[in-house]
Amino acid sequence: NWSGSLIIASLTGAFGSSFLYGYNLSVVNAPAVYIKKFYNETWERRYGFSVDESTLTLLWSVTVSIFAIGGLVGAIIVTPIVKFFGRKCTLVLNNVFAVTAALLMSLSLVAGSFEMLILGRIIMGVDAGISLSALPMYLSEISPKEIRGSLGQFTAIFICIGVFTGQVLGLPEIFGQESRWPYLFGAIIVPSLIQAMVLPFLPESPRYLLLEKHNTSKAEKAFQTFLGKDDVSHEVEEVLAESRVQRNTKLVSILQLLRTRAVRWQVFTVVVTMGCYQLCGLNAIWYYTNNIFSEAGINRETIPYVTLSTGAVETVAAVFSGLVIERLGRRPLLIGGFGLMVLFFAVLTVSLTLQNTVYWLPYLSIFCILAIIASFCIGPGGIPFVLTGEFFQQSQRPAAFMIAGTVNWLSNFAVGLLFPFIQSGLQTYCFLVFAAICFAGATYLFFVLPETKNKTFNEISQAFAKRNKVSLEMQEMNHYPEERKSSAEQESNFTSSVDNGETKKEIV
């Protein structure tokens with residue numbers, strides 16, 4: 001089932017999209033001291049006095065968290081973009097934002113303008129907001145259902161690889177020096193250019209071509225390319241069956257989706273999983289790893305290399321999740337991941353509180369941080385993106401990803417902006433807040449989330465039908481009650497498109 005084109009499309013799409021998201025989560029960590037010094041020197045040169053500590057902390061928090069504001073903008077505008085340009089073309093065009101951001105941030109030191117760095121972070125956030133919706137959408141629509149979970153994990157795997165790459169390039173021997181930190185941001189151009197050069201030669205999503213563009217000929221060719229076989233009549237008919245079930249393939253607005261009773265619990269579940277994905281505390285660890293290790297008593301010269309271990313652990317854990325997700329399923333990995341995070345957050349709190357009394361407790365703190373990261377990447381790190389693609393029909397998916405993206409980026413912004421103040425106020429007890437969120441998320445998912453592995457979109461809808469208090473037939477008819485068409489009319493339209501020469505193959 002893993003054709004060469006499918007692998008190349010997944011690797012290229014993830015490298016130029018989710019990789020950059022992960023990279024930008026960690027890239028600000030290593031040069032934080034030098035960037036703050038740059039802020040102070042710029043402020044003093046302009047105004048004749050040094051910036052006070054509270055203002056500097058606020059400027060730095062804004063620099064870190066403003067990335068999420070850009071991501072929110074990207075998540076909001078992604079729906080009309082993927083509708084008009086398609087999934088693949090959206091990923092290609094999105095590289096304009098990445099290249100622009102890279103130039104602004106890498107040239108900020110030369111220009112003596114910290115505003116350029118902040119603006120670049122906003123624009124880079126827009127790129128991430130678009131890609132984190134368009135990429136899972138693209139991957140879920142080009143993959144067979146038997147490997148949809150594994151392919152969907154490419155998003156999480158490349159986020160982890162991006163985080164790890166940012167940590168490696170931030171080492172003092174590479175770009176982690178006062179004169180070289182702008183190169184950390186200039187490196188963003190490389191994945192963007194690779195994606196822009198490779199992805200245009202690969203097909204668009206066949207489901208998008210068939211259901212939204214009504215181009216059966218191109219959809220067949222796309223299926224043949226991605227599946228590596230000539231006879232794709234079964235796959236085409238499966239998609240058309242979904243089209244007949246929906247009665248209409250016109251895209252749903254966010255308001256329509258929220259009003260649709262048949263997907264109410266799917267929307268709730270996406271909101272919970274995406275909210276917990278950000279609020280569980282992993283981004284706090286990624287953004288402020290150096291500070292956390294410093295508080296744990298680790299020598300400052302050793303911290304960059306200890307931090308490197310976090311990226312390695314999360315990458316291995318994400319790959320492991322991708323290998324076992326089709327065997328174990330989404331549900332146990334997601335609930336188990338959050339449950340383990342609760343345990344290790346509690347132990348981390350104890351070790352940080354008592355670290356001055358026992359000499360080996362700082363090492364226990366490091367172990368707990370690595371265990372929290374591994375627990376996150378095994379399940380919560382990638383499965384929320386997979387579930388968002390699996391829960392909804394073709395016409396509902398863009399609106400669903402917009403809702404998921406909005407929750408994702410608002411939560412990201414809240415963590416990035418508030419964590420320094422939470423850490424200052426609660427000291428070593430700050431991680432109990434994240435433990436409570438993980439516990440609440442695991443409890444909700446235990447009672448609500450059905451298993452979705454190897455299931456079609458219609459079978460997943462059936463799994464939620466009882467909880468939504470609608471029959472499957474009602475669920476089918478309620479997507480667009482004001483605009484639904486009869487089955488005969490759908491068949492007539494399809495027959496007409498066949499007669500018009502879009503395909504000569506009879507589809508049974």
# chains A, B, ... in the order shown; residues from 1 in each chain; ligands from 1
>>> residues_around(residues="stretch 444-447 of chain A", least_positions_apart="2", cutoff="8 Å", atoms="only C-alpha atoms", output="ChimeraX atom specification")
/A:269,331,335,440-442,449
>>> closest_atom_pairs(of="stretch 52-122 of chain A", to="stretch 22-31 of chain A", cutoff="9 Å", atoms="only C-alpha atoms", output="Markdown table")
| residue | atom | partner | partner_atom | distance |
| --- | --- | --- | --- | --- |
| A:Thr63 | CA | A:Val28 | CA | 8.9 |
| A:Val64 | CA | A:Val28 | CA | 7.3 |
| A:Phe67 | CA | A:Asn24 | CA | 8.4 |
| A:Arg121 | CA | A:Asn24 | CA | 8.5 |
>>> closest_atom_pairs(of="stretch 105-209 of chain A", to="stretch 225-231 of chain A", cutoff="10 Å", atoms="only C-alpha atoms", output="tab-separated table")
residue	atom	partner	partner_atom	distance
A:Ile142	CA	A:Phe226	CA	6.8
A:Ser143	CA	A:Phe226	CA	7.7
A:Pro144	CA	A:Leu227	CA	7.9
A:Leu202	CA	A:Thr225	CA	8.5
A:Pro203	CA	A:Thr225	CA	7.6
A:Ser205	CA	A:Phe226	CA	9.4
A:Pro206	CA	A:Phe226	CA	9.1
>>> residues_around(residues="A:Tyr429", least_positions_apart="4", cutoff="12 Å", atoms="only C-alpha atoms", output="tab-separated table (two decimals) with all heavy atoms, in the first residue's frame")
chain	number	residue	atom	x	y	z
A	345	PHE	N	4.05	14.21	35.55
A	345	PHE	CA	3.95	15.60	36.02
A	345	PHE	C	3.92	15.64	37.55
A	345	PHE	O	4.52	16.53	38.18
A	345	PHE	CB	2.70	16.27	35.46
A	345	PHE	CG	2.90	16.98	34.16
A	345	PHE	CD1	2.03	16.77	33.09
A	345	PHE	CD2	3.95	17.86	33.98
A	345	PHE	CE1	2.22	17.42	31.88
A	345	PHE	CE2	4.15	18.52	32.77
A	345	PHE	CZ	3.28	18.30	31.72
A	346	ALA	N	3.22	14.69	38.15
A	346	ALA	CA	3.15	14.65	39.62
A	346	ALA	C	4.53	14.36	40.21
A	346	ALA	O	4.96	15.00	41.18
A	346	ALA	CB	2.15	13.58	40.06
A	347	VAL	N	5.24	13.39	39.63
A	347	VAL	CA	6.58	13.06	40.12
A	347	VAL	C	7.54	14.23	39.91
A	347	VAL	O	8.38	14.54	40.76
A	347	VAL	CB	7.11	11.79	39.43
A	347	VAL	CG1	8.55	11.49	39.89
A	347	VAL	CG2	6.20	10.61	39.72
A	348	LEU	N	7.41	14.91	38.75
A	348	LEU	CA	8.27	16.07	38.47
A	348	LEU	C	8.05	17.17	39.51
A	348	LEU	O	9.02	17.81	39.96
A	348	LEU	CB	7.97	16.61	37.07
A	348	LEU	CG	8.73	17.87	36.64
A	348	LEU	CD1	10.23	17.63	36.62
A	348	LEU	CD2	8.24	18.35	35.27
A	349	THR	N	6.82	17.39	39.89
A	349	THR	CA	6.52	18.41	40.90
A	349	THR	C	7.21	18.09	42.23
A	349	THR	O	7.81	18.95	42.87
A	349	THR	CB	5.00	18.53	41.11
A	349	THR	OG1	4.38	18.88	39.87
A	349	THR	CG2	4.67	19.59	42.15
A	350	VAL	N	7.13	16.82	42.63
A	350	VAL	CA	7.77	16.40	43.88
A	350	VAL	C	9.28	16.56	43.80
A	350	VAL	O	9.93	17.08	44.72
A	350	VAL	CB	7.40	14.94	44.21
A	350	VAL	CG1	8.19	14.45	45.43
A	350	VAL	CG2	5.90	14.81	44.47
A	351	SER	N	9.87	16.13	42.68
A	351	SER	CA	11.33	16.19	42.55
A	351	SER	C	11.84	17.63	42.51
A	351	SER	O	12.89	17.94	43.08
A	351	SER	CB	11.78	15.43	41.30
A	351	SER	OG	11.31	16.06	40.13
A	352	LEU	N	11.10	18.53	41.83
A	352	LEU	CA	11.52	19.93	41.78
A	352	LEU	C	11.37	20.60	43.15
A	352	LEU	O	12.17	21.47	43.53
A	352	LEU	CB	10.69	20.69	40.74
A	352	LEU	CG	10.98	20.40	39.28
A	352	LEU	CD1	10.02	21.16	38.37
A	352	LEU	CD2	12.42	20.76	38.91
A	353	THR	N	10.34	20.20	43.89
A	353	THR	CA	10.11	20.80	45.21
A	353	THR	C	11.20	20.39	46.21
A	353	THR	O	11.63	21.20	47.04
A	353	THR	CB	8.74	20.38	45.75
A	353	THR	OG1	7.73	20.77	44.80
A	353	THR	CG2	8.44	21.04	47.08
A	354	LEU	N	11.66	19.14	46.12
A	354	LEU	CA	12.61	18.61	47.11
A	354	LEU	C	14.03	18.50	46.58
A	354	LEU	O	14.87	17.85	47.20
A	354	LEU	CB	12.13	17.22	47.57
A	354	LEU	CG	10.72	17.15	48.17
A	354	LEU	CD1	10.37	15.70	48.50
A	354	LEU	CD2	10.60	18.03	49.40
A	422	ILE	N	2.90	31.92	35.32
A	422	ILE	CA	2.44	30.77	36.13
A	422	ILE	C	3.62	30.17	36.88
A	422	ILE	O	3.54	29.86	38.08
A	422	ILE	CB	1.77	29.70	35.23
A	422	ILE	CG1	0.48	30.25	34.62
A	422	ILE	CG2	1.49	28.43	36.03
A	422	ILE	CD1	-0.16	29.31	33.62
A	423	GLN	N	4.74	30.02	36.17
A	423	GLN	CA	5.94	29.48	36.79
A	423	GLN	C	6.44	30.38	37.92
A	423	GLN	O	6.85	29.91	38.98
A	423	GLN	CB	7.04	29.30	35.73
A	423	GLN	CG	8.28	28.58	36.23
A	423	GLN	CD	9.33	28.48	35.15
A	423	GLN	OE1	9.43	29.32	34.26
A	423	GLN	NE2	10.13	27.43	35.21
A	424	SER	N	6.35	31.70	37.70
A	424	SER	CA	6.80	32.65	38.72
A	424	SER	C	5.88	32.61	39.94
A	424	SER	O	6.35	32.71	41.08
A	424	SER	CB	6.83	34.06	38.14
A	424	SER	OG	7.15	35.01	39.12
A	425	GLY	N	4.58	32.45	39.72
A	425	GLY	CA	3.63	32.48	40.82
A	425	GLY	C	3.56	31.18	41.60
A	425	GLY	O	3.50	31.18	42.83
A	433	VAL	N	-0.92	22.16	37.25
A	433	VAL	CA	-1.98	22.70	36.38
A	433	VAL	C	-2.10	21.84	35.13
A	433	VAL	O	-3.20	21.46	34.71
A	433	VAL	CB	-1.68	24.16	36.00
A	433	VAL	CG1	-2.70	24.70	35.02
A	433	VAL	CG2	-1.61	25.04	37.24
A	434	PHE	N	-0.95	21.50	34.54
A	434	PHE	CA	-0.97	20.68	33.33
A	434	PHE	C	-1.40	19.25	33.64
A	434	PHE	O	-2.07	18.61	32.82
A	434	PHE	CB	0.42	20.69	32.69
A	434	PHE	CG	0.91	22.06	32.32
A	434	PHE	CD1	2.13	22.53	32.76
A	434	PHE	CD2	0.13	22.89	31.53
A	434	PHE	CE1	2.57	23.80	32.42
A	434	PHE	CE2	0.56	24.15	31.18
A	434	PHE	CZ	1.78	24.61	31.62
A	435	ALA	N	-1.03	18.75	34.82
A	435	ALA	CA	-1.46	17.40	35.20
A	435	ALA	C	-2.99	17.32	35.29
A	435	ALA	O	-3.60	16.33	34.85
A	435	ALA	CB	-0.84	17.01	36.55
A	436	ALA	N	-3.61	18.36	35.82
A	436	ALA	CA	-5.07	18.39	35.94
A	436	ALA	C	-5.72	18.40	34.56
A	436	ALA	O	-6.74	17.73	34.32
A	436	ALA	CB	-5.51	19.61	36.74
>>> residues_around(residues="A:Gly281", least_positions_apart="6", cutoff="10 Å", atoms="only C-alpha atoms", output="PDB file with N, CA, C and O atoms, in the first residue's frame")
ATOM      1  N   MET A 341       1.281  11.095  31.318  1.00  0.00           N
ATOM      2  CA  MET A 341       1.708  12.474  31.566  1.00  0.00           C
ATOM      3  C   MET A 341       1.264  12.949  32.943  1.00  0.00           C
ATOM      4  O   MET A 341       2.008  13.659  33.637  1.00  0.00           O
ATOM      5  N   PHE A 345       4.048  14.211  35.554  1.00  0.00           N
ATOM      6  CA  PHE A 345       3.953  15.599  36.020  1.00  0.00           C
ATOM      7  C   PHE A 345       3.921  15.643  37.554  1.00  0.00           C
ATOM      8  O   PHE A 345       4.525  16.531  38.176  1.00  0.00           O
ATOM      9  N   ILE A 372       7.699  12.590  30.149  1.00  0.00           N
ATOM     10  CA  ILE A 372       6.510  13.376  29.762  1.00  0.00           C
ATOM     11  C   ILE A 372       6.502  13.574  28.253  1.00  0.00           C
ATOM     12  O   ILE A 372       5.468  13.414  27.584  1.00  0.00           O
ATOM     13  N   ILE A 373       7.654  13.911  27.697  1.00  0.00           N
ATOM     14  CA  ILE A 373       7.760  14.126  26.246  1.00  0.00           C
ATOM     15  C   ILE A 373       7.452  12.836  25.493  1.00  0.00           C
ATOM     16  O   ILE A 373       6.712  12.838  24.500  1.00  0.00           O
ATOM     17  N   PHE A 376       3.743  12.051  25.617  1.00  0.00           N
ATOM     18  CA  PHE A 376       3.006  12.947  24.719  1.00  0.00           C
ATOM     19  C   PHE A 376       3.118  12.493  23.269  1.00  0.00           C
ATOM     20  O   PHE A 376       2.121  12.414  22.539  1.00  0.00           O
ATOM     21  N   ASN A 412      -2.234  27.458  22.281  1.00  0.00           N
ATOM     22  CA  ASN A 412      -0.787  27.644  22.143  1.00  0.00           C
ATOM     23  C   ASN A 412      -0.370  29.028  22.624  1.00  0.00           C
ATOM     24  O   ASN A 412       0.608  29.188  23.370  1.00  0.00           O
ATOM     25  N   VAL A 415      -0.524  29.329  26.485  1.00  0.00           N
ATOM     26  CA  VAL A 415       0.593  28.684  27.173  1.00  0.00           C
ATOM     27  C   VAL A 415       1.867  29.508  27.033  1.00  0.00           C
ATOM     28  O   VAL A 415       2.589  29.757  28.000  1.00  0.00           O
ATOM     29  N   GLY A 416       2.167  29.941  25.790  1.00  0.00           N
ATOM     30  CA  GLY A 416       3.395  30.694  25.563  1.00  0.00           C
ATOM     31  C   GLY A 416       3.440  32.009  26.326  1.00  0.00           C
ATOM     32  O   GLY A 416       4.491  32.417  26.816  1.00  0.00           O
ATOM     33  N   PHE A 419       2.774  31.003  30.686  1.00  0.00           N
ATOM     34  CA  PHE A 419       3.587  30.073  31.466  1.00  0.00           C
ATOM     35  C   PHE A 419       4.673  30.751  32.300  1.00  0.00           C
ATOM     36  O   PHE A 419       4.890  30.364  33.465  1.00  0.00           O
ATOM     37  N   CYS A 430       3.813  24.525  39.401  1.00  0.00           N
ATOM     38  CA  CYS A 430       3.156  24.978  38.160  1.00  0.00           C
ATOM     39  C   CYS A 430       2.718  23.820  37.272  1.00  0.00           C
ATOM     40  O   CYS A 430       1.723  23.922  36.548  1.00  0.00           O
ATOM     41  N   PHE A 431       3.445  22.694  37.356  1.00  0.00           N
ATOM     42  CA  PHE A 431       3.116  21.579  36.463  1.00  0.00           C
ATOM     43  C   PHE A 431       1.883  20.803  36.916  1.00  0.00           C
ATOM     44  O   PHE A 431       1.363  19.976  36.159  1.00  0.00           O
ATOM     45  N   LEU A 432       1.410  21.060  38.129  1.00  0.00           N
ATOM     46  CA  LEU A 432       0.161  20.428  38.570  1.00  0.00           C
ATOM     47  C   LEU A 432      -1.032  20.936  37.762  1.00  0.00           C
ATOM     48  O   LEU A 432      -2.024  20.221  37.592  1.00  0.00           O
ATOM     49  N   VAL A 433      -0.922  22.164  37.249  1.00  0.00           N
ATOM     50  CA  VAL A 433      -1.976  22.702  36.384  1.00  0.00           C
ATOM     51  C   VAL A 433      -2.097  21.844  35.134  1.00  0.00           C
ATOM     52  O   VAL A 433      -3.198  21.462  34.707  1.00  0.00           O
ATOM     53  N   PHE A 434      -0.950  21.503  34.543  1.00  0.00           N
ATOM     54  CA  PHE A 434      -0.965  20.684  33.333  1.00  0.00           C
ATOM     55  C   PHE A 434      -1.400  19.249  33.641  1.00  0.00           C
ATOM     56  O   PHE A 434      -2.067  18.606  32.816  1.00  0.00           O
ATOM     57  N   ALA A 435      -1.035  18.751  34.816  1.00  0.00           N
ATOM     58  CA  ALA A 435      -1.465  17.399  35.204  1.00  0.00           C
ATOM     59  C   ALA A 435      -2.989  17.323  35.291  1.00  0.00           C
ATOM     60  O   ALA A 435      -3.598  16.335  34.852  1.00  0.00           O
ATOM     61  N   ILE A 437      -5.141  19.151  33.618  1.00  0.00           N
ATOM     62  CA  ILE A 437      -5.690  19.209  32.262  1.00  0.00           C
ATOM     63  C   ILE A 437      -5.565  17.849  31.582  1.00  0.00           C
ATOM     64  O   ILE A 437      -6.509  17.378  30.925  1.00  0.00           O
ATOM     65  N   CYS A 438      -4.424  17.191  31.734  1.00  0.00           N
ATOM     66  CA  CYS A 438      -4.237  15.864  31.144  1.00  0.00           C
ATOM     67  C   CYS A 438      -5.228  14.855  31.724  1.00  0.00           C
ATOM     68  O   CYS A 438      -5.784  14.015  30.995  1.00  0.00           O
TER      69      CYS A 438
END
>>> atom_distance(atom1="atom CA of A:Ala317", atom2="atom CA of A:Leu135")
20.8 Å
>>> select_by_dssp(residues="stretch 134-300 of chain A", states="alpha helix (DSSP H)", output="count of residues only")
113
>>> closest_residue(among="A:Ser18, A:Ser150, A:Thr260, A:Gln394", to="A:Asn454", atoms="only C-alpha atoms")
A:Ser150
>>> atom_distance(atom1="atom CA of A:Leu169", atom2="atom CA of A:Ala187")
9.3 Å
>>> residues_around(residues="A:Ser50", least_positions_apart="4", cutoff="12 Å", atoms="only C-alpha atoms", output="list of chain:residue names")
A:Lys36, A:Lys37, A:Phe38, A:Tyr39, A:Asn40, A:Glu41, A:Thr42, A:Trp43, A:Glu44, A:Arg45, A:Arg46, A:Ser54, A:Thr55, A:Leu56
>>> residues_around(residues="A:Met105", least_positions_apart="6", cutoff="12 Å", atoms="only C-alpha atoms", output="number ranges by chain")
A: 24, 27-28, 35, 63, 98-99, 111-124, 181-189
>>> closest_residue(among="A:Arg148, A:Arg259, A:Arg300, A:Lys469", to="A:Phe385", atoms="only C-alpha atoms")
A:Arg148
